[in-house]
$ cat final.txt   # compact mmCIF, C-alpha atoms
# COMPACT_ATOMS: atom_id res chain seq x y z
CA MET S 115 -94.48 -54.95 -46.27
CA CYS S 116 -92.46 -58.17 -46.74
CA TYR S 117 -95.08 -60.14 -44.83
CA ILE S 118 -97.82 -58.77 -47.09
CA LEU S 119 -95.83 -59.73 -50.18
CA ALA S 120 -95.19 -63.25 -48.78
CA GLY S 121 -98.91 -63.53 -48.02
CA VAL S 122 -99.87 -62.45 -51.55
CA ILE S 123 -97.47 -65.01 -53.08
CA GLY S 124 -98.80 -67.74 -50.79
CA GLY S 125 -102.38 -66.79 -51.73
CA ILE S 126 -101.53 -67.01 -55.44
CA VAL S 127 -99.96 -70.44 -54.84
CA GLY S 128 -103.19 -71.55 -53.10
CA LEU S 129 -105.37 -70.21 -55.93
CA SER S 130 -103.18 -71.98 -58.49
CA GLU S 131 -103.66 -75.24 -56.58
CA LEU S 132 -107.44 -74.89 -56.77
CA LEU S 133 -107.21 -74.11 -60.49
CA GLN S 134 -105.00 -77.15 -61.01
CA ARG S 135 -107.24 -79.49 -59.06
CA TYR S 136 -110.67 -78.48 -60.25
CA SER S 137 -112.08 -77.96 -63.71
CA TYR S 138 -114.35 -75.07 -62.69
CA GLY S 139 -113.81 -71.77 -64.46
CA ILE S 140 -111.80 -69.11 -62.66
CA VAL S 141 -114.93 -66.95 -62.24
CA ASP S 142 -116.75 -69.84 -60.52
CA ILE S 143 -113.76 -70.40 -58.25
CA VAL S 144 -113.55 -66.72 -57.34
CA LYS S 145 -117.31 -66.64 -56.64
CA THR S 146 -116.98 -69.49 -54.11
CA MET S 147 -116.62 -68.31 -50.52
CA SER S 148 -114.40 -71.23 -49.46
CA THR S 149 -111.83 -70.10 -52.03
CA TYR S 150 -111.03 -67.17 -49.76
CA ALA S 151 -110.60 -69.47 -46.77
CA TYR S 152 -108.18 -71.67 -48.73
CA VAL S 153 -106.27 -68.75 -50.26
CA GLY S 154 -106.22 -66.96 -46.88
CA LEU S 155 -104.84 -70.02 -45.14
CA ASN S 156 -102.09 -70.31 -47.72
CA ALA S 157 -101.27 -66.64 -47.22
CA VAL S 158 -101.01 -67.15 -43.45
CA VAL S 159 -98.80 -70.22 -43.99
CA SER S 160 -96.47 -68.15 -46.21
CA MET S 161 -96.29 -65.37 -43.67
CA ALA S 162 -95.55 -67.90 -40.95
CA SER S 163 -92.78 -69.39 -43.06
CA LEU S 164 -91.26 -65.92 -43.54
CA PHE S 165 -91.37 -65.39 -39.79
CA LEU S 166 -89.65 -68.74 -39.14
CA MET S 167 -87.05 -68.13 -41.84
CA THR S 168 -86.20 -64.76 -40.31
CA TYR S 169 -86.21 -66.14 -36.76
CA PHE S 170 -83.87 -69.03 -37.57
CA ASP S 171 -81.95 -67.05 -40.20
CA PHE S 172 -82.43 -69.88 -42.68
CA TYR S 173 -82.86 -69.09 -46.37
CA PHE S 174 -82.26 -72.46 -48.03
CA GLY S 175 -78.60 -71.63 -48.51
CA ILE S 176 -79.44 -68.65 -50.72
CA ASP S 177 -77.65 -65.43 -49.94
CA VAL S 178 -80.49 -62.92 -49.66
CA GLU S 179 -80.16 -59.30 -48.81
CA THR S 180 -83.47 -57.63 -49.48
CA GLY S 181 -86.81 -58.18 -47.77
CA VAL S 182 -88.49 -58.74 -51.14
CA ALA S 183 -86.19 -61.68 -51.88
CA LYS S 184 -86.94 -63.14 -48.45
CA ALA S 185 -90.66 -62.76 -49.10
CA LEU S 186 -90.30 -64.50 -52.46
CA ILE S 187 -88.43 -67.42 -50.93
CA ALA S 188 -90.96 -67.66 -48.09
CA GLY S 189 -93.89 -67.54 -50.50
CA LEU S 190 -92.54 -70.06 -52.98
CA ALA S 191 -90.22 -72.32 -51.02
CA GLY S 192 -90.72 -71.68 -47.31
CA VAL S 193 -94.24 -73.07 -47.36
CA VAL S 194 -92.79 -76.44 -48.30
CA ILE S 195 -91.34 -76.72 -44.81
CA ILE S 196 -94.53 -75.66 -43.13
CA ARG S 197 -96.69 -77.96 -45.26
CA SER S 198 -94.56 -81.07 -45.17
CA ALA S 199 -93.15 -83.45 -42.60
CA ALA S 200 -89.63 -82.64 -41.41
CA PHE S 201 -88.95 -86.30 -40.65
CA LYS S 202 -90.68 -89.57 -39.86
CA ILE S 203 -90.55 -91.54 -36.64
CA LYS S 204 -91.30 -95.23 -36.43
CA ALA S 205 -93.38 -96.55 -33.57
CA ASN S 206 -95.44 -99.72 -33.31
CA ASP S 207 -94.34 -100.67 -36.83
CA GLN S 208 -95.93 -97.53 -38.22
CA ASP S 209 -94.39 -94.38 -39.67
CA TYR S 210 -95.53 -91.09 -38.18
CA ASP S 211 -94.85 -87.72 -39.83
CA VAL S 212 -93.32 -85.12 -37.61
CA GLY S 213 -93.42 -81.48 -38.60
CA PHE S 214 -95.66 -78.49 -39.07
CA GLY S 215 -97.35 -80.29 -41.96
CA ILE S 216 -99.48 -82.36 -39.59
CA ILE S 217 -101.28 -79.27 -38.38
CA THR S 218 -101.29 -77.09 -41.47
CA ASN S 219 -102.46 -79.86 -43.79
CA VAL S 220 -105.48 -80.54 -41.58
CA PHE S 221 -106.60 -76.93 -41.97
CA LEU S 222 -105.77 -76.81 -45.67
CA MET S 223 -107.56 -80.09 -46.38
CA ARG S 224 -110.58 -78.91 -44.44
CA ALA S 225 -110.66 -75.68 -46.45
CA ASP S 226 -110.24 -77.66 -49.65
CA ARG S 227 -113.12 -80.00 -48.75
CA SER S 228 -115.29 -77.08 -47.83
CA PHE S 229 -114.56 -75.59 -51.29
CA ASP S 230 -115.43 -78.92 -52.90
CA GLN S 231 -118.71 -79.18 -50.97
CA GLU S 232 -119.74 -75.63 -51.76
CA ARG S 233 -119.08 -76.09 -55.48
CA ALA S 234 -120.78 -79.52 -55.48
CA LYS S 235 -123.92 -78.00 -53.94
CA LYS S 236 -124.07 -75.34 -56.64
CA GLN S 237 -123.29 -77.78 -59.42
CA ALA S 238 -125.79 -80.47 -58.40
CA GLY S 239 -128.82 -78.41 -59.44
CA GLU S 240 -127.11 -77.19 -62.58
CA ILE S 241 -126.14 -80.69 -63.78
CA THR S 242 -129.59 -82.11 -62.97
CA ALA S 243 -131.21 -79.38 -65.07
CA VAL S 244 -128.76 -79.83 -67.96
CA MET S 245 -129.21 -83.62 -68.05
CA GLU S 246 -133.01 -83.47 -67.91
CA GLY S 247 -134.50 -85.72 -70.59
CA ILE S 248 -131.14 -87.13 -71.68
CA ASP S 249 -130.93 -90.86 -72.38
CA PHE S 250 -127.85 -92.25 -70.61
CA TYR S 251 -127.39 -95.05 -73.14
CA LYS S 252 -127.58 -92.75 -76.15
CA ALA S 253 -125.42 -90.07 -74.55
CA ARG S 254 -122.63 -92.07 -72.91
CA ASN S 255 -120.52 -92.42 -76.06
CA ASP S 256 -121.55 -89.48 -78.23
CA LEU S 257 -121.67 -86.90 -75.47
CA THR S 258 -118.39 -88.04 -73.94
CA THR S 259 -116.63 -88.05 -77.32
CA LEU S 260 -118.01 -84.64 -78.32
CA CYS S 261 -117.02 -83.09 -74.98
CA LEU S 262 -113.52 -84.53 -75.30
CA THR S 263 -113.26 -83.29 -78.88
CA LEU S 264 -114.34 -79.79 -77.86
CA MET S 265 -111.62 -79.74 -75.21
CA GLN S 266 -108.37 -78.96 -76.97
CA ASN S 267 -105.89 -79.48 -74.21
CA LEU S 268 -107.16 -82.23 -71.93
CA PRO S 269 -104.28 -84.64 -71.17
CA VAL S 270 -104.61 -88.12 -72.68
CA GLU S 271 -104.51 -89.77 -69.23
CA GLN S 272 -107.53 -87.75 -68.14
CA GLN S 273 -109.37 -88.55 -71.37
CA THR S 274 -108.75 -92.26 -70.71
CA LEU S 275 -109.88 -91.89 -67.09
CA LEU S 276 -113.11 -90.22 -68.18
CA ARG S 277 -113.83 -92.99 -70.67
CA LYS S 278 -113.13 -95.61 -68.00
CA GLU S 279 -115.47 -93.91 -65.54
CA VAL S 280 -118.22 -93.76 -68.13
CA ASP S 281 -117.64 -97.41 -68.96
CA ILE S 282 -117.96 -98.35 -65.30
CA LEU S 283 -121.26 -96.47 -65.14
CA SER S 284 -122.50 -98.62 -68.03
CA THR S 285 -121.88 -101.87 -66.18
CA SER S 286 -124.03 -103.58 -63.62
CA GLU S 287 -121.29 -103.05 -61.04
CA VAL S 288 -122.68 -99.60 -60.38
CA GLN S 289 -126.09 -100.33 -58.96
CA LEU S 290 -127.96 -97.23 -60.04
CA GLU S 291 -131.64 -98.02 -60.23
CA THR S 292 -132.92 -95.47 -62.70
CA ASP S 293 -131.64 -94.28 -66.03
CA ARG S 294 -132.32 -90.70 -64.95
CA VAL S 295 -129.80 -91.00 -62.10
CA LYS S 296 -127.33 -92.62 -64.48
CA ALA S 297 -127.73 -89.65 -66.84
CA ILE S 298 -127.12 -87.18 -64.00
CA VAL S 299 -124.04 -89.08 -62.81
CA LEU S 300 -122.81 -89.16 -66.42
CA GLY S 301 -123.22 -85.38 -66.66
CA ALA S 302 -121.41 -84.83 -63.35
CA THR S 303 -118.60 -87.15 -64.41
CA ILE S 304 -118.07 -85.37 -67.74
CA ALA S 305 -118.35 -81.93 -66.13
CA LYS S 306 -115.65 -82.87 -63.65
CA TYR S 307 -113.18 -83.07 -66.54
CA THR S 308 -114.54 -80.56 -69.02
CA GLY S 309 -116.52 -78.11 -66.92
CA THR S 310 -120.28 -77.48 -67.12
CA PRO S 311 -120.23 -74.92 -70.00
CA VAL S 312 -118.65 -77.46 -72.38
CA LEU S 313 -121.17 -80.10 -71.29
CA LYS S 314 -124.07 -77.70 -71.91
CA GLU S 315 -122.72 -76.73 -75.33
CA ALA S 316 -122.27 -80.38 -76.35
CA ILE S 317 -125.83 -81.25 -75.25
CA VAL S 318 -127.21 -78.37 -77.32
CA SER S 319 -125.15 -79.50 -80.33
CA LEU S 320 -126.33 -83.11 -80.10
CA GLY S 321 -129.96 -82.06 -79.68
CA ASP S 322 -132.55 -84.81 -80.05
CA CYS S 323 -129.93 -87.48 -80.84
CA ILE S 324 -129.38 -88.09 -77.13
CA LYS S 325 -132.86 -87.31 -75.81
CA SER S 326 -134.71 -90.20 -74.22
CA THR S 327 -137.48 -91.81 -76.22
CA PRO S 328 -139.13 -95.14 -75.44
CA ASP S 329 -137.47 -98.02 -77.34
CA PRO S 330 -139.77 -101.06 -77.37
CA GLY S 331 -137.25 -102.98 -79.50
CA LEU S 332 -134.63 -102.74 -76.80
CA ASP S 333 -137.06 -103.82 -74.07
CA GLU S 334 -138.02 -106.78 -76.23
CA LEU S 335 -134.35 -107.73 -76.66
CA GLY S 336 -133.86 -107.46 -72.89
CA ALA S 337 -136.76 -109.87 -72.34
CA LYS S 338 -135.26 -112.30 -74.88
CA VAL S 339 -131.92 -112.12 -73.07
CA ASP S 340 -133.60 -113.01 -69.76
CA GLU S 341 -135.39 -115.90 -71.43
CA MET S 342 -132.15 -117.17 -73.00
CA ILE S 343 -130.28 -116.99 -69.68
CA LEU S 344 -132.96 -119.20 -68.11
CA LYS S 345 -132.80 -121.67 -70.99
CA LEU S 346 -128.99 -121.96 -70.98
CA ALA S 347 -128.65 -122.00 -67.20
CA GLY S 348 -131.38 -124.63 -66.91
CA LYS S 349 -129.71 -127.07 -69.27
CA MET H 235 -96.19 -78.67 -52.14
CA THR H 236 -99.55 -79.46 -53.62
CA MET H 237 -101.83 -81.62 -51.56
CA GLU H 238 -102.11 -84.99 -53.20
CA LYS H 239 -105.62 -85.73 -54.32
CA ASN H 240 -106.39 -88.61 -56.58
CA ARG H 241 -108.73 -87.51 -59.35
CA ASN H 242 -109.99 -91.08 -59.41
CA LEU H 243 -111.60 -90.57 -56.06
CA LEU H 244 -113.57 -87.51 -57.08
CA SER H 245 -116.64 -89.43 -58.13
CA PHE H 246 -118.50 -92.55 -57.18
CA ALA H 247 -117.56 -94.31 -60.41
CA GLY H 248 -113.98 -93.18 -59.96
CA PHE H 249 -114.01 -94.44 -56.41
CA LEU H 250 -115.02 -97.86 -57.65
CA ALA H 251 -112.24 -97.77 -60.24
CA GLY H 252 -109.76 -96.73 -57.57
CA TYR H 253 -110.97 -99.40 -55.18
CA LYS H 254 -110.51 -102.03 -57.82
CA LEU H 255 -106.93 -100.93 -58.46
CA GLY H 256 -106.00 -102.37 -55.10
CA ASN H 257 -107.84 -105.63 -55.71
CA VAL H 258 -107.21 -106.19 -59.37
CA PRO H 259 -108.18 -109.68 -60.51
CA GLU H 260 -106.47 -111.17 -63.53
CA SER H 261 -109.22 -110.05 -65.88
CA GLY H 262 -108.84 -106.48 -64.63
CA SER H 263 -112.42 -106.38 -63.38
CA LEU H 264 -114.30 -108.10 -60.57
CA GLU H 265 -117.34 -108.26 -62.79
CA LEU H 266 -115.55 -110.14 -65.57
CA GLN H 267 -113.60 -112.47 -63.32
CA PRO H 268 -116.13 -115.37 -63.12
CA MET H 269 -116.40 -115.46 -66.93
CA TYR H 270 -112.63 -115.16 -67.25
CA LYS H 271 -112.21 -118.26 -65.05
CA GLU H 272 -114.65 -120.22 -67.19
CA VAL H 273 -112.75 -119.26 -70.35
CA GLN H 274 -109.55 -120.44 -68.68
CA LYS H 275 -111.24 -123.77 -67.86
CA LEU H 276 -112.29 -124.02 -71.50
CA LYS H 277 -108.66 -123.59 -72.51
CA GLN H 278 -107.65 -126.39 -70.11
CA THR H 279 -110.36 -128.64 -71.56
CA LEU H 280 -109.11 -128.04 -75.08
CA TYR H 281 -105.55 -128.78 -73.96
CA SER H 282 -106.74 -132.03 -72.36
CA ALA H 283 -108.46 -132.97 -75.61
CA ASP H 284 -105.18 -132.43 -77.41
CA VAL H 285 -106.85 -130.37 -80.13
CA PRO H 286 -104.80 -128.47 -82.73
CA THR H 287 -103.30 -125.26 -81.36
CA ALA H 288 -105.37 -123.22 -83.81
CA TYR H 289 -108.47 -123.97 -81.71
CA VAL H 290 -106.74 -122.95 -78.50
CA LYS H 291 -105.77 -119.69 -80.16
CA TYR H 292 -109.44 -118.66 -80.31
CA VAL H 293 -109.66 -119.07 -76.55
CA ASP H 294 -106.36 -117.25 -76.04
CA SER H 295 -107.69 -114.40 -78.11
CA ALA H 296 -110.83 -114.22 -75.92
CA LEU H 297 -108.70 -114.21 -72.76
CA GLU H 298 -106.48 -111.50 -74.18
CA SER H 299 -109.39 -109.25 -75.05
CA LEU H 300 -110.87 -109.73 -71.57
CA ARG H 301 -107.59 -108.64 -70.01
CA ASP H 302 -107.07 -105.68 -72.34
CA PRO H 303 -107.44 -102.54 -70.19
CA GLU H 304 -107.94 -100.37 -73.28
CA ARG H 305 -111.13 -102.15 -74.35
CA LEU H 306 -114.55 -101.16 -73.12
CA LEU H 307 -116.90 -103.78 -71.72
CA ALA H 308 -119.05 -104.03 -74.85
CA GLU H 309 -115.91 -104.53 -76.97
CA LYS H 310 -114.68 -107.30 -74.69
CA LEU H 311 -118.01 -109.11 -74.79
CA ASN H 312 -118.20 -108.69 -78.54
CA SER H 313 -114.76 -110.25 -78.90
CA VAL H 314 -115.68 -113.23 -76.68
CA VAL H 315 -118.80 -113.89 -78.77
CA GLU H 316 -116.75 -113.66 -81.97
CA GLN H 317 -114.29 -116.26 -80.68
CA VAL H 318 -117.13 -118.56 -79.57
CA ASP H 319 -118.61 -118.20 -83.07
CA LEU H 320 -115.29 -119.29 -84.55
CA LEU H 321 -114.83 -122.14 -82.10
CA LEU H 322 -118.27 -123.75 -82.31
CA PRO H 323 -118.05 -125.09 -85.89
CA GLN H 324 -114.73 -126.77 -85.03
CA LYS H 325 -116.16 -128.63 -82.05
CA GLY H 326 -117.28 -131.79 -83.90
CA GLU H 327 -113.93 -132.30 -85.56
CA ALA H 328 -111.94 -131.63 -82.41
CA LEU H 329 -113.94 -133.43 -79.74
CA SER H 330 -116.13 -136.06 -81.44
CA LYS H 331 -113.92 -138.90 -80.24
CA GLN H 332 -113.89 -137.71 -76.64
CA PRO H 333 -117.51 -137.55 -75.47
CA GLU H 334 -116.65 -136.65 -71.85
CA LEU H 335 -114.64 -133.65 -72.92
CA GLU H 336 -117.34 -132.71 -75.40
CA VAL H 337 -119.90 -132.58 -72.59
CA GLU H 338 -117.56 -130.44 -70.51
CA PHE H 339 -116.91 -128.19 -73.53
CA ASP H 340 -120.66 -127.69 -74.07
CA ARG H 341 -121.22 -126.93 -70.39
CA LEU H 342 -118.42 -124.35 -70.32
CA ILE H 343 -119.55 -122.64 -73.51
CA ARG H 344 -123.11 -122.42 -72.16
CA GLN H 345 -121.83 -121.01 -68.87
CA ILE H 346 -119.66 -118.45 -70.69
CA MET H 347 -122.62 -117.37 -72.81
CA VAL H 348 -124.78 -117.00 -69.67
CA TYR H 349 -122.16 -114.61 -68.29
CA VAL H 350 -121.98 -112.76 -71.61
CA LEU H 351 -125.78 -112.41 -71.69
CA LYS H 352 -125.89 -111.15 -68.11
CA LEU H 353 -123.14 -108.61 -68.73
CA ALA H 354 -124.44 -107.53 -72.13
CA LYS H 355 -127.97 -106.74 -70.98
CA PRO H 356 -127.15 -103.60 -68.95
CA THR H 357 -125.05 -102.19 -71.80
CA ARG H 358 -128.29 -101.80 -73.87
CA ASP H 359 -126.14 -102.13 -76.97
CA LYS H 360 -128.63 -103.37 -79.57
CA ALA H 361 -126.06 -104.79 -81.99
CA LEU H 362 -124.27 -106.65 -79.21
CA LEU H 363 -127.49 -108.05 -77.73
CA GLN H 364 -128.62 -109.31 -81.15
CA LYS H 365 -125.25 -110.93 -81.76
CA VAL H 366 -125.15 -112.59 -78.32
CA LEU H 367 -128.71 -113.88 -78.74
CA LYS H 368 -127.87 -115.31 -82.18
CA THR H 369 -124.86 -117.22 -80.86
CA SER H 370 -126.76 -118.38 -77.76
CA ALA H 371 -129.60 -119.65 -79.94
CA GLU H 372 -127.12 -121.93 -81.74
CA LEU H 373 -126.24 -123.51 -78.40
CA HIS H 374 -129.84 -123.93 -77.49
$ encode --input "final.txt" --output "structure tokens"
Amino acid sequence: MCYILAGVIGGIVGLSELLQRYSYGIVDIVKTMSTYAYVGLNAVVSMASLFLMTYFDFYFGIDVETGVAKALIAGLAGVVIIRSAAFKIKANDQDYDVGFGIITNVFLMRADRSFDQERAKKQAGEITAVMEGIDFYKARNDLTTLCLTLMQNLPVEQQTLLRKEVDILSTSEVQLETDRVKAIVLGATIAKYTGTPVLKEAIVSLGDCIKSTPDPGLDELGAKVDEMILKLAGK
Amino acid sequence: MTMEKNRNLLSFAGFLAGYKLGNVPESGSLELQPMYKEVQKLKQTLYSADVPTAYVKYVDSALESLRDPERLLAEKLNSVVEQVDLLLPQKGEALSKQPELEVEFDRLIRQIMVYVLKLAKPTRDKALLQKVLKTSAELH
């Protein structure tokens, strides 16, 4: 019974980590198969920590009597031991972690990556469809700002990060050949912070304002810029 | 307890931002660094010419805006063009008696504007492009 309780607590901790790390809705997370692998692994880790705590009779200095209390400590605190390095050893001028964490983190990271890949696969088609016909240059500011405004509780640091990422996409440092790809990457970048439903809603709200239409004036300006670069560089 | 995962690394653009954090040039961006160096040379040239500090302040202001991590690229370029606009009319008064420095000044301003033009083009910001072209035309 105690092991089941420790497993449930560990599973909840794992689910909360996924919710903290990714902006997908809880329904999307629950629908993803890899979620169960990640949550299951966390449950096993918690049960293992309960076993070790009982075996070594170590309860973090807390005087526990009941099995439920032990399960709670294993689920919430015991996993720390299993998922971290007990100490570091230095060899060849390098620090090496020693502890259960080396093994458990490999499995947990693999499960986490598998979750990421599964969600990315599902989202790729969705984002491509949503960003169809969107002009990157018209959307980069308005769409980003509207999405951020719609979000009521996005931390300021993440808002700044999103703006920075969008700014980087606008520069020639990111060698994306077509505007269509830029638009898709913009959508994926925004969705990473706000989730796809908010992105969809913002695109509907902005309507034709951000749809791509040919702009001969801008092409003409681009040609003038090229011409001017040649003139100035040639002097 | 949580596995550390840098949100910066979750996308290609973020990866580039993260990569640059470890190799941050003075201007804060690899892309802006060549222009930043030219603006610094311009400042040195003005110092050598012993011009009034008010002229150097325009260049300082351009350098500051290039370094400002809060500003977006288009804003930085806009600010550089504004400072060049302010500096150009003062050139005659400041450098007319030092032809060698005047030649160097012209060369640096042209080079800075070439960088601005190159960086401004991919932004597709109509207002910025028009402004940059207008200032460049005065040099030409």
$ closest_atom_pairs --input "final.txt" --of "chain S" --to "chain H" --cutoff "7 Å" --atoms "all atoms listed in the file" --output "tab-separated table"
residue	atom	partner	partner_atom	distance
S:Glu131	CA	H:Thr236	CA	6.6
S:Val194	CA	H:Met235	CA	5.6
S:Arg197	CA	H:Met235	CA	6.9
S:Tyr251	CA	H:Arg358	CA	6.8
S:Glu279	CA	H:Ala247	CA	5.6
S:Asp281	CA	H:Leu306	CA	6.4
S:Ile282	CA	H:Ala247	CA	6.4
S:Leu283	CA	H:Ala247	CA	6.4
S:Ser284	CA	H:Thr357	CA	5.8
S:Thr285	CA	H:Pro356	CA	6.2
S:Ser286	CA	H:Pro356	CA	6.2
S:Glu287	CA	H:Glu265	CA	6.8
S:Thr303	CA	H:Ser245	CA	7.0
S:Leu332	CA	H:Lys360	CA	6.6
S:Leu335	CA	H:Leu363	CA	7.0
S:Gly336	CA	H:Lys355	CA	6.2
S:Val339	CA	H:Leu351	CA	6.3
S:Ile343	CA	H:Val348	CA	5.5
S:Leu346	CA	H:Arg344	CA	6.0
S:Ala347	CA	H:Val348	CA	6.8
$ closest_residue --input "final.txt" --among "H:Glu309, H:Pro286, H:Leu342, H:Met269" --to "H:Gln324" --atoms "all atoms listed in the file"
H:Pro286
$ axis_aligned_box --input "final.txt" --around "stretch 323-336 of chain H" --padding-each-side "8 Å" --output "AutoDock Vina command-line options"
--center_x -115.0 --center_y -132.0 --center_z -78.9 --size_x 22.1 --size_y 29.8 --size_z 30.0
$ atom_distance --input "final.txt" --atom1 "atom CA of S:Val182" --atom2 "atom CA of S:Met167"
13.3 Å
$ closest_residue --input "final.txt" --among "H:Leu362, H:Gly262, H:Leu335, H:Ser299" --to "H:Gln278" --atoms "only C-alpha atoms"
H:Leu335
$ atom_distance --input "final.txt" --atom1 "atom CA of S:Ala162" --atom2 "atom CA of S:Val220"
16.1 Å
$ residues_around --input "final.txt" --residues "S:Ile123" --least-positions-apart "4" --cutoff "7 Å" --atoms "all atoms listed in the file" --output "JSON, numbers by chain"
{"S": [119, 127, 189]}
$ atom_distance --input "final.txt" --atom1 "atom CA of S:Val153" --atom2 "atom CA of S:Phe170"
25.7 Å
$ residues_near_point --input "final.txt" --point "(-111.6, -115.4, -65.5)" --cutoff "12 Å" --atoms "only C-alpha atoms" --output "ChimeraX atom specification"
/H:258-277,293-294,296-301,346,349
$ closest_residue --input "final.txt" --among "S:Cys116, S:Leu257, S:Ile140, S:Ala305" --to "S:Leu164" --atoms "only C-alpha atoms"
S:Cys116
$ closest_residue --input "final.txt" --among "S:Gly181, S:Gly124, S:Gly309, S:Gly239" --to "S:Ser137" --atoms "all atoms listed in the file"
S:Gly309
